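Dumped model-v2.cif below, it's mmCIF, C-alpha atoms:
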data_upload
loop_
_atom_site.label_atom_id
_atom_site.label_comp_id
_atom_site.auth_asym_id
_atom_site.auth_seq_id
_atom_site.Cartn_x
_atom_site.Cartn_y
_atom_site.Cartn_z
CA MET K 1 0.00 0.00 0.00
CA ASP K 2 1.22 3.45 -0.91
CA PHE K 3 -0.71 6.43 0.41
CA ALA K 4 1.79 8.99 -0.87
CA PRO K 5 0.08 11.68 -2.98
CA SER K 6 1.12 12.03 -6.59
CA ALA K 7 3.25 14.93 -7.80
CA ARG K 8 0.09 16.50 -9.22
CA SER K 9 -1.65 16.21 -5.84
CA GLN K 10 1.34 17.70 -4.02
CA ASP K 11 1.40 20.63 -6.40
CA CYS K 12 -2.33 21.27 -5.96
CA LEU K 13 -2.00 20.99 -2.19
CA GLN K 14 0.88 23.45 -2.10
CA ARG K 15 -1.04 26.00 -4.17
CA LEU K 16 -4.23 25.38 -2.18
CA GLN K 17 -2.44 25.87 1.14
CA ALA K 18 -0.90 29.12 -0.08
CA PHE K 19 -4.36 30.34 -1.10
CA LEU K 20 -5.81 29.37 2.28
CA ASP K 21 -3.02 31.11 4.17
CA GLU K 22 -3.26 34.32 2.17
CA TYR K 23 -6.99 34.72 1.63
CA VAL K 24 -9.13 32.29 3.64
CA ALA K 25 -7.54 32.21 7.11
CA PRO K 26 -7.54 36.02 7.50
CA PHE K 27 -11.20 36.09 6.40
CA ASP K 28 -12.47 33.34 8.72
CA GLU K 29 -13.45 35.36 11.77
CA ARG K 30 -14.92 38.17 9.69
CA TYR K 31 -16.97 35.71 7.64
CA ARG K 32 -18.47 34.01 10.68
CA ARG K 33 -19.44 37.37 12.17
CA GLU K 34 -20.77 39.03 9.02
CA ASN K 35 -22.54 35.93 7.68
CA ALA K 36 -24.46 35.69 10.96
CA GLU K 37 -25.46 39.36 10.65
CA LEU K 38 -26.37 39.01 6.96
CA ASN K 39 -28.49 35.88 7.40
CA ALA K 40 -30.09 36.07 10.82
CA GLY K 41 -33.20 33.94 11.36
CA ALA K 42 -34.92 31.00 9.73
CA ASP K 43 -36.42 32.83 6.73
CA TRP K 44 -34.30 31.39 3.94
CA ARG K 45 -35.98 33.69 1.40
CA ARG K 46 -33.89 36.52 2.84
CA TRP K 47 -30.60 34.62 2.94
CA ARG K 48 -27.71 35.97 0.88
CA VAL K 49 -24.21 34.78 0.06
CA HIS K 50 -21.48 36.95 1.56
CA PRO K 51 -20.11 39.04 -1.34
CA ARG K 52 -16.53 38.09 -0.54
CA ILE K 53 -17.33 34.42 -1.29
CA GLY K 54 -17.98 35.24 -4.95
CA GLU K 55 -14.72 37.17 -5.14
CA LEU K 56 -12.77 34.29 -3.63
CA LYS K 57 -14.44 31.79 -5.99
CA ALA K 58 -13.36 33.84 -9.00
CA MET K 59 -9.82 34.02 -7.64
CA ALA K 60 -9.71 30.28 -6.95
CA ARG K 61 -10.90 29.46 -10.45
CA GLU K 62 -8.35 31.83 -11.96
CA ALA K 63 -5.66 30.09 -9.87
CA GLY K 64 -6.67 26.66 -11.23
CA LEU K 65 -8.04 25.55 -7.84
CA TRP K 66 -11.49 24.59 -9.09
CA ASN K 67 -13.50 21.34 -9.11
CA LEU K 68 -10.59 19.70 -7.34
CA PHE K 69 -12.69 16.65 -6.41
CA LEU K 70 -13.43 15.57 -9.99
CA PRO K 71 -11.00 13.02 -11.48
CA ASP K 72 -11.64 14.22 -15.03
CA PRO K 73 -8.55 16.27 -16.08
CA GLU K 74 -10.59 18.49 -18.40
CA LEU K 75 -13.56 19.25 -16.15
CA GLY K 76 -11.70 19.00 -12.84
CA ALA K 77 -8.23 18.67 -11.40
CA GLY K 78 -7.75 15.10 -12.63
CA LEU K 79 -7.04 13.82 -9.12
CA SER K 80 -7.90 10.37 -7.86
CA VAL K 81 -9.87 9.89 -4.63
CA LEU K 82 -6.61 9.22 -2.80
CA ASP K 83 -4.92 12.28 -4.30
CA TYR K 84 -7.86 14.54 -3.45
CA ALA K 85 -7.95 13.40 0.19
CA PRO K 86 -5.23 15.76 1.54
CA LEU K 87 -6.88 18.68 -0.26
CA ALA K 88 -10.20 17.88 1.40
CA GLU K 89 -8.41 17.83 4.75
CA ALA K 90 -6.90 21.27 4.13
CA MET K 91 -10.31 22.69 3.22
CA GLY K 92 -11.89 21.14 6.30
CA ARG K 93 -10.14 23.61 8.58
CA TYR K 94 -12.71 26.28 7.66
CA GLU K 95 -16.42 25.52 7.52
CA PHE K 96 -17.18 27.74 4.52
CA CYS K 97 -14.01 26.87 2.62
CA ALA K 98 -15.06 24.08 0.25
CA GLU K 99 -17.52 26.29 -1.64
CA ILE K 100 -14.72 28.65 -2.65
CA PHE K 101 -13.17 25.84 -4.71
CA ASN K 102 -16.53 24.44 -5.93
CA CYS K 103 -15.99 21.39 -3.74
CA ASN K 104 -18.94 21.77 -1.40
CA ALA K 105 -21.38 19.00 -0.48
CA PRO K 106 -23.90 18.04 -1.68
CA ASP K 107 -22.84 19.53 -5.03
CA THR K 108 -19.77 17.33 -5.29
CA GLY K 109 -21.81 14.15 -4.92
CA ASN K 110 -24.50 15.41 -7.28
CA MET K 111 -21.92 16.39 -9.88
CA GLU K 112 -20.39 12.94 -9.63
CA VAL K 113 -23.83 11.39 -10.16
CA LEU K 114 -24.39 13.46 -13.27
CA TYR K 115 -20.84 12.91 -14.50
CA HIS K 116 -21.05 9.11 -14.19
CA TYR K 117 -24.75 8.43 -14.75
CA GLY K 118 -26.34 11.48 -16.38
CA SER K 119 -27.47 11.67 -19.99
CA ASP K 120 -25.90 14.15 -22.38
CA ALA K 121 -28.96 16.40 -22.05
CA GLN K 122 -28.84 16.23 -18.24
CA LYS K 123 -25.16 17.10 -18.28
CA ARG K 124 -25.77 20.10 -20.52
CA ARG K 125 -28.65 21.42 -18.45
CA TRP K 126 -27.36 20.73 -14.93
CA LEU K 127 -23.78 19.46 -14.77
CA ARG K 128 -22.21 22.27 -16.77
CA PRO K 129 -23.73 25.09 -14.63
CA LEU K 130 -22.76 23.19 -11.47
CA LEU K 131 -19.19 22.77 -12.68
CA ASP K 132 -19.09 26.49 -13.46
CA GLY K 133 -20.39 27.35 -9.98
CA GLU K 134 -23.38 29.18 -11.42
CA ILE K 135 -26.00 27.16 -9.53
CA ARG K 136 -26.26 24.94 -6.45
CA SER K 137 -28.02 21.61 -6.00
CA VAL K 138 -29.70 19.50 -3.32
CA PHE K 139 -29.93 15.78 -2.57
CA CYS K 140 -33.36 14.69 -1.31
CA MET K 141 -33.33 11.24 0.25
CA THR K 142 -34.17 11.27 4.00
CA GLU K 143 -37.87 11.30 4.94
CA PRO K 144 -39.58 12.45 8.15
CA GLU K 145 -42.17 9.68 8.38
CA VAL K 146 -39.96 6.58 8.20
CA ALA K 147 -36.74 5.30 9.76
CA SER K 148 -34.46 6.56 7.03
CA SER K 149 -31.46 4.72 8.50
CA ASP K 150 -32.91 1.85 6.42
CA ALA K 151 -33.13 3.50 3.03
CA THR K 152 -35.41 0.76 1.68
CA ASN K 153 -38.11 2.31 3.88
CA MET K 154 -38.43 5.35 1.61
CA ARG K 155 -42.07 5.96 0.67
CA ALA K 156 -41.83 9.10 -1.46
CA GLN K 157 -42.76 8.14 -4.99
CA ILE K 158 -41.53 8.46 -8.53
CA ARG K 159 -44.42 7.15 -10.64
CA ILE K 160 -43.76 6.49 -14.29
CA GLU K 161 -46.70 7.42 -16.48
CA GLY K 162 -45.87 7.02 -20.15
CA ASP K 163 -43.50 9.77 -21.23
CA GLU K 164 -43.75 11.48 -17.85
CA ILE K 165 -42.85 10.88 -14.24
CA VAL K 166 -44.77 12.10 -11.20
CA VAL K 167 -42.75 12.90 -8.09
CA HIS K 168 -44.68 12.88 -4.83
CA GLY K 169 -43.69 12.84 -1.17
CA ARG K 170 -41.91 14.71 1.58
CA LYS K 171 -38.17 14.92 2.29
CA TRP K 172 -36.22 16.59 5.04
CA TRP K 173 -32.67 17.44 6.09
CA SER K 174 -32.12 18.37 2.46
CA THR K 175 -28.82 20.21 2.78
CA GLY K 176 -28.37 23.39 0.76
CA ILE K 177 -32.07 23.84 0.01
CA GLY K 178 -31.99 27.38 1.43
CA HIS K 179 -29.10 28.59 -0.72
CA PRO K 180 -30.11 31.46 -3.01
CA ASP K 181 -28.51 29.67 -5.98
CA ALA K 182 -30.14 26.26 -5.40
CA ARG K 183 -31.87 25.27 -8.62
CA VAL K 184 -32.25 21.49 -8.78
CA ALA K 185 -32.73 18.52 -6.47
CA ILE K 186 -31.80 14.90 -7.03
CA PHE K 187 -34.83 13.11 -5.60
CA MET K 188 -34.75 9.42 -4.66
CA GLY K 189 -38.13 7.74 -4.58
CA LEU K 190 -40.04 4.47 -4.76
CA SER K 191 -40.81 3.59 -8.39
CA ASP K 192 -41.60 -0.17 -8.28
CA PRO K 193 -42.86 -1.51 -4.91
CA ASP K 194 -42.92 -5.10 -6.25
CA ALA K 195 -39.28 -5.26 -7.31
CA ALA K 196 -36.40 -6.59 -5.21
CA PRO K 197 -35.71 -4.26 -2.25
CA HIS K 198 -32.70 -2.59 -3.84
CA ALA K 199 -34.32 -2.26 -7.25
CA ARG K 200 -37.48 -0.48 -6.11
CA HIS K 201 -36.17 3.06 -6.14
CA SER K 202 -35.13 5.55 -8.79
CA MET K 203 -33.49 8.96 -8.90
CA ALA K 204 -34.84 11.97 -10.74
CA LEU K 205 -33.75 15.54 -11.35
CA VAL K 206 -36.39 17.93 -10.05
CA PRO K 207 -36.08 21.67 -10.81
CA LEU K 208 -36.86 23.53 -7.60
CA ASP K 209 -39.13 25.96 -9.45
CA ALA K 210 -41.30 23.13 -10.80
CA PRO K 211 -45.00 23.38 -9.85
CA GLY K 212 -45.65 21.37 -6.71
CA VAL K 213 -42.24 21.83 -5.08
CA ARG K 214 -42.51 23.66 -1.78
CA ILE K 215 -39.91 24.39 0.89
CA GLU K 216 -41.85 23.98 4.11
CA ARG K 217 -39.21 25.10 6.63
CA MET K 218 -35.56 25.11 7.58
CA LEU K 219 -34.45 22.74 10.32
CA PRO K 220 -32.01 24.04 12.95
CA THR K 221 -29.05 22.01 14.18
CA PHE K 222 -28.48 22.85 17.84
CA GLY K 223 -30.41 26.05 17.23
CA GLU K 224 -28.39 27.15 14.20
CA TYR K 225 -29.80 27.25 10.66
CA ASP K 226 -26.50 27.10 8.77
CA PRO K 227 -27.22 29.97 6.37
CA PRO K 228 -26.95 30.45 3.46
CA TYR K 229 -27.14 26.67 2.93
CA GLY K 230 -29.72 25.37 5.38
CA HIS K 231 -31.22 21.94 5.93
CA GLY K 232 -34.83 21.97 4.86
CA GLU K 233 -38.06 20.04 4.79
CA VAL K 234 -39.48 19.95 1.29
CA SER K 235 -42.79 18.70 -0.06
CA PHE K 236 -43.27 17.44 -3.60
CA GLU K 237 -46.96 17.47 -4.50
CA GLN K 238 -47.61 15.52 -7.70
CA VAL K 239 -44.70 17.16 -9.48
CA ARG K 240 -45.05 16.20 -13.14
CA LEU K 241 -41.89 16.10 -15.26
CA PRO K 242 -40.71 14.58 -18.55
CA ARG K 243 -39.48 11.02 -18.23
CA ASP K 244 -36.00 12.10 -19.33
CA HIS K 245 -35.58 13.63 -15.86
CA LEU K 246 -34.95 10.09 -14.56
CA ILE K 247 -31.25 9.36 -14.00
CA GLN K 248 -30.14 6.14 -15.74
CA GLY K 249 -33.61 4.65 -15.65
CA PRO K 250 -36.12 2.98 -13.32
CA GLY K 251 -34.81 0.96 -10.39
CA GLN K 252 -31.28 2.35 -10.48
CA GLY K 253 -31.51 4.49 -7.33
CA PHE K 254 -29.49 2.29 -4.99
CA ALA K 255 -26.83 1.49 -7.56
CA ILE K 256 -26.33 5.21 -8.17
CA ALA K 257 -26.36 5.99 -4.44
CA GLN K 258 -23.67 3.41 -3.75
CA GLY K 259 -21.39 4.95 -6.35
CA ARG K 260 -22.13 8.44 -5.02
CA LEU K 261 -21.55 7.77 -1.35
CA GLY K 262 -18.17 6.02 -1.49
CA PRO K 263 -15.98 8.94 -2.61
CA GLY K 264 -18.28 11.39 -0.83
CA ARG K 265 -17.61 9.77 2.52
CA ILE K 266 -13.87 10.07 1.92
CA HIS K 267 -14.41 13.80 1.36
CA HIS K 268 -16.51 14.16 4.52
CA CYS K 269 -14.04 12.27 6.69
CA MET K 270 -10.97 14.09 5.42
CA ARG K 271 -12.68 17.43 6.02
CA ALA K 272 -13.49 16.20 9.53
CA ILE K 273 -9.81 15.42 10.04
CA GLY K 274 -8.90 18.94 8.91
CA ALA K 275 -11.45 20.35 11.35
CA ALA K 276 -9.93 18.23 14.12
CA GLU K 277 -6.48 19.60 13.33
CA ARG K 278 -7.92 23.11 13.64
CA ALA K 279 -9.56 22.28 16.98
CA LEU K 280 -6.34 20.79 18.32
CA GLU K 281 -4.37 23.87 17.25
CA LEU K 282 -6.88 26.13 18.98
CA THR K 283 -6.65 23.96 22.11
CA ILE K 284 -2.87 24.19 22.26
CA ARG K 285 -2.72 27.92 21.59
CA ARG K 286 -5.42 28.69 24.15
CA GLY K 287 -4.01 26.32 26.74
CA ALA K 288 -0.48 27.68 26.37
CA GLY K 289 -1.58 31.31 26.41
CA ARG K 290 -3.83 31.29 29.48
CA GLU K 291 -2.76 30.67 33.08
CA ALA K 292 -4.70 29.43 36.09
CA PHE K 293 -3.43 28.53 39.54
CA GLY K 294 0.02 29.72 38.60
CA GLN K 295 0.65 27.72 35.44
CA PRO K 296 -0.59 27.38 31.84
CA ILE K 297 -3.99 25.72 31.50
CA LEU K 298 -2.38 23.23 29.12
CA ARG K 299 -0.51 21.71 32.07
CA LEU K 300 -3.58 21.35 34.30
CA GLY K 301 -6.11 18.57 34.70
CA GLY K 302 -4.62 16.04 32.32
CA ASN K 303 -4.67 18.39 29.34
CA LEU K 304 -1.24 17.29 28.10
CA GLU K 305 -2.44 13.70 27.97
CA ARG K 306 -5.53 14.83 26.07
CA VAL K 307 -3.33 16.60 23.51
CA ALA K 308 -1.33 13.41 23.05
CA GLN K 309 -4.49 11.33 22.68
CA ALA K 310 -5.86 13.83 20.16
CA ARG K 311 -2.73 13.62 18.04
CA MET K 312 -2.87 9.83 17.99
CA ALA K 313 -6.60 9.77 17.23
CA ILE K 314 -6.26 12.22 14.31
CA ASP K 315 -3.39 10.28 12.78
CA GLN K 316 -5.23 6.98 13.18
CA ALA K 317 -8.36 8.39 11.53
CA ARG K 318 -6.31 9.84 8.69
CA LEU K 319 -4.53 6.55 7.99
CA LEU K 320 -7.81 4.62 8.06
CA THR K 321 -9.42 7.11 5.67
CA LEU K 322 -6.47 7.01 3.28
CA TYR K 323 -6.65 3.22 3.38
CA ALA K 324 -10.33 3.36 2.44
CA ALA K 325 -9.51 5.75 -0.42
CA TRP K 326 -6.69 3.46 -1.59
CA LYS K 327 -9.01 0.46 -1.50
CA ILE K 328 -11.72 2.29 -3.48
CA GLU K 329 -9.18 3.06 -6.18
CA ARG K 330 -7.67 -0.39 -6.27
CA PHE K 331 -10.74 -2.59 -5.89
CA GLY K 332 -13.81 -0.36 -6.31
CA VAL K 333 -16.50 0.87 -3.92
CA LYS K 334 -18.16 -2.53 -3.43
CA GLN K 335 -14.94 -4.08 -2.16
CA ALA K 336 -14.33 -1.21 0.26
CA MET K 337 -17.71 -1.08 2.00
CA SER K 338 -16.34 -2.14 5.38
CA GLU K 339 -13.59 0.48 5.30
CA ILE K 340 -15.98 3.19 4.09
CA SER K 341 -18.35 2.38 6.95
CA ALA K 342 -15.47 2.29 9.43
CA ILE K 343 -14.24 5.78 8.62
CA LYS K 344 -17.79 7.11 8.76
CA VAL K 345 -17.86 6.06 12.43
CA VAL K 346 -14.28 6.83 13.37
CA ALA K 347 -13.75 10.30 11.89
CA PRO K 348 -16.86 12.12 13.21
CA ASN K 349 -16.52 10.56 16.68
CA MET K 350 -12.87 11.56 16.78
CA LEU K 351 -13.76 15.11 15.73
CA GLN K 352 -16.55 15.36 18.30
CA GLU K 353 -14.26 14.32 21.14
CA ILE K 354 -11.42 16.67 20.15
CA VAL K 355 -13.75 19.64 19.69
CA ASP K 356 -15.36 18.88 23.04
CA GLN K 357 -11.92 19.05 24.66
CA ALA K 358 -11.20 22.30 22.85
CA ILE K 359 -14.43 23.80 24.15
CA GLN K 360 -13.50 22.79 27.69
CA VAL K 361 -10.10 24.47 27.43
CA HIS K 362 -11.69 27.65 26.03
CA GLY K 363 -14.29 27.86 28.80
CA GLY K 364 -17.08 30.32 28.05
CA ALA K 365 -15.45 31.37 24.79
CA GLY K 366 -15.74 27.80 23.58
CA VAL K 367 -19.53 27.83 23.58
CA SER K 368 -19.82 31.32 22.10
CA HIS K 369 -19.61 32.58 18.54
CA ASP K 370 -16.17 34.03 19.26
CA THR K 371 -14.57 30.77 18.13
CA PRO K 372 -15.53 28.26 15.41
CA LEU K 373 -15.84 25.46 17.97
CA THR K 374 -19.62 25.36 18.32
CA GLY K 375 -19.95 25.06 14.55
CA LEU K 376 -17.37 22.29 14.46
CA PHE K 377 -19.10 20.44 17.29
CA ALA K 378 -22.45 20.63 15.51
CA LEU K 379 -20.78 19.39 12.34
CA ALA K 380 -19.23 16.42 14.11
CA ARG K 381 -22.44 15.45 15.89
CA ALA K 382 -24.54 15.75 12.73
CA LEU K 383 -22.05 13.68 10.72
CA ARG K 384 -22.71 10.79 13.07
CA ILE K 385 -26.23 10.72 11.62
CA ALA K 386 -25.75 11.99 8.07
CA ASP K 387 -25.19 9.37 5.35
CA GLY K 388 -26.26 6.68 7.81
CA PRO K 389 -25.99 6.63 11.61
CA ASP K 390 -23.06 5.08 13.47
CA GLU K 391 -25.09 1.96 14.24
CA VAL K 392 -25.74 1.19 10.57
CA HIS K 393 -22.07 1.53 9.70
CA ARG K 394 -21.00 -0.62 12.65
CA ALA K 395 -23.47 -3.26 11.49
CA MET K 396 -21.88 -3.21 8.03
CA VAL K 397 -18.38 -3.66 9.48
CA ALA K 398 -19.60 -6.51 11.69
CA ARG K 399 -21.40 -8.19 8.77
CA VAL K 400 -18.28 -8.16 6.63
CA GLU K 401 -16.21 -9.43 9.54
CA LEU K 402 -18.58 -12.32 10.32
CA ALA K 403 -18.67 -13.29 6.65
CA LYS K 404 -14.94 -14.07 6.86
CA TYR K 405 -15.94 -16.93 9.16
CA GLY K 406 -18.86 -18.08 7.08
CA ILE K 407 -21.40 -16.55 9.46
CA GLY K 408 -24.21 -14.79 7.67
CA ARG K 409 -27.78 -13.71 8.23
CA LYS K 410 -29.31 -17.05 7.28
CA ARG K 411 -27.00 -19.01 9.57
CA GLU K 412 -27.66 -16.58 12.42
CA ALA K 413 -31.41 -16.94 11.91
CA ALA K 414 -31.16 -20.74 11.96
CA ALA K 415 -29.20 -20.62 15.20
#

Target encoding structure tokens, full file:
Amino acid sequence: MDFAPSARSQDCLQRLQAFLDEYVAPFDERYRRENAELNAGADWRRWRVHPRIGELKAMAREAGLWNLFLPDPELGAGLSVLDYAPLAEAMGRYEFCAEIFNCNAPDTGNMEVLYHYGSDAQKRRWLRPLLDGEIRSVFCMTEPEVASSDATNMRAQIRIEGDEIVVHGRKWWSTGIGHPDARVAIFMGLSDPDAAPHARHSMALVPLDAPGVRIERMLPTFGEYDPPYGHGEVSFEQVRLPRDHLIQGPGQGFAIAQGRLGPGRIHHCMRAIGAAERALELTIRRGAGREAFGQPILRLGGNLERVAQARMAIDQARLLTLYAAWKIERFGVKQAMSEISAIKVVAPNMLQEIVDQAIQVHGGAGVSHDTPLTGLFALARALRIADGPDEVHRAMVARVELAKYGIGRKREAAA
């Protein structure tokens, strides 16, 4: 196994880091303050993108730091999943950072869906504007009325009626639905209830201005609405669209989702590792710069041991994530399901623990808006639910492990 980034990856990372140091890091505190002032409240219709974001996006594109996630050398940076991983980590240090380089979720996953599975017409209408950063997109999968940790429970429908499809149902926690530039949703719905469980669902492209699409509300995470992106509840009331809005065809929803989520989880986990590095840095600087009871806080209450544990946990999570990326490249997503599930548990839990320690060291400042720690904590906690809860991923790892010993579901049931 060789996790070393290619020369191309190293060059991109060096240029990306220089951009972050010169333009993003000095803007971080100002962005958090001014974005909160610009987008106060839950009314997403009033949300706006901070004007500096557009300026930075133009600068990043001019610098060749654009669509870094896409392996296509013409449309993106031409980096593999493994080569992109350290870039995702660097961007993870700042919550708003990925959008500057057109690498923000859920757009990255949606662009990958369109790139790999979309028709030529779908690519012209939706992929090209997404690649150019002109529009934003949403992924609508989770539903409020079922246990969405089992995705086969989805009840929202995609009915096929001749040359048309009818999209009907309710989705929630649709990330990015409040963004002023959001224009299209990838909707996953039940299209054939009588098919095999993983062939019952399809994916369709639904323009957000189509008749019958309604944003019902934004959902707060720990009281914060995450503007200008937001996580919304959306109703689709008999939305009628041409059949060519289906992606790939009927019954392909789970196959597409599996291809989408593998690389996407690498991105999420590497960004979490970058966020953990930021939290650890803030911990050390705060702990070394403040004194209590006659000595630096860093030397009180076992804090040095916590720093050591944090360093080991970050490095372990990074190595596991790079291994998952390496395995995806070498053997494909299906052969890396255990590793993908493992990092989805390990990285967010690691981030949550390290941010929690950082908050403790910062005291009152740690739970205020004066630091990025509350945002990072909310991110870590939400990631333990997003794209499948910890329990589902642990079950996947256990299932793969038991299979090595010839122990499967049927044998367990017989026992």

Selection near Met203 of chain K, 7 Å with only C-alpha atoms, sequence-local residues under 2 positions removed, as a PyMOL selection string:
chain K and resi 186-189+246-247+253

Hits of the PyMOL selection byres ((chain K and resi 31) around 12) in this structure, as a ChimeraX atom specification:
/K:23-30,32-39,49-53,94-97,227,369-372

Mind listing as a PyMOL selection string all residues within 12 Å of (-13.2, 26.0, 28.4), counting all atoms listed in the file?
chain K and resi 282-283+286-287+290+292+297-298+303+355-368+371+373-374

Counting all atoms listed in the file, the option among K:Ile354, K:Ala386, K:Ala342, K:Val397 closest to Pro106 of chain K:
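Between K:Ile354, K:Ala386, K:Ala342, K:Val397, the residue approaching Pro106 of chain K most closely is K:Ala386.
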
Take the point (-15.8, 13.7, -11.0) in the file's coordinates, draw a sphere of radius 10 Å around it, and report as a list in words every protein, DNA or RNA residue with an atom inside or on it, counting only C-alpha atoms.
Asn67, Leu68, Phe69, Leu70, Pro71, Asp72, Pro73, Leu75, Gly76, Ala77, Gly78, Leu79, Ser80, Val81, Thr108, Gly109, Asn110, Met111, Glu112, Val113, Leu114, Tyr115, His116, Leu131 and Pro263 of chain K

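Separating atom CA of Ser174 of chain K from atom CA of Met218 of chain K is a distance of 9.1 Å.
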
What is the distance, in Å and to one decimal place, between atom CA of Met350 of chain K and atom CA of Ala317 of chain K?
7.6 Å

For atom CA of Pro207 of chain K and atom CA of His245 of chain K, quote the distance in Å rounded to one decimal.
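Between atom CA of Pro207 of chain K and atom CA of His245 of chain K the gap works out to 9.5 Å.
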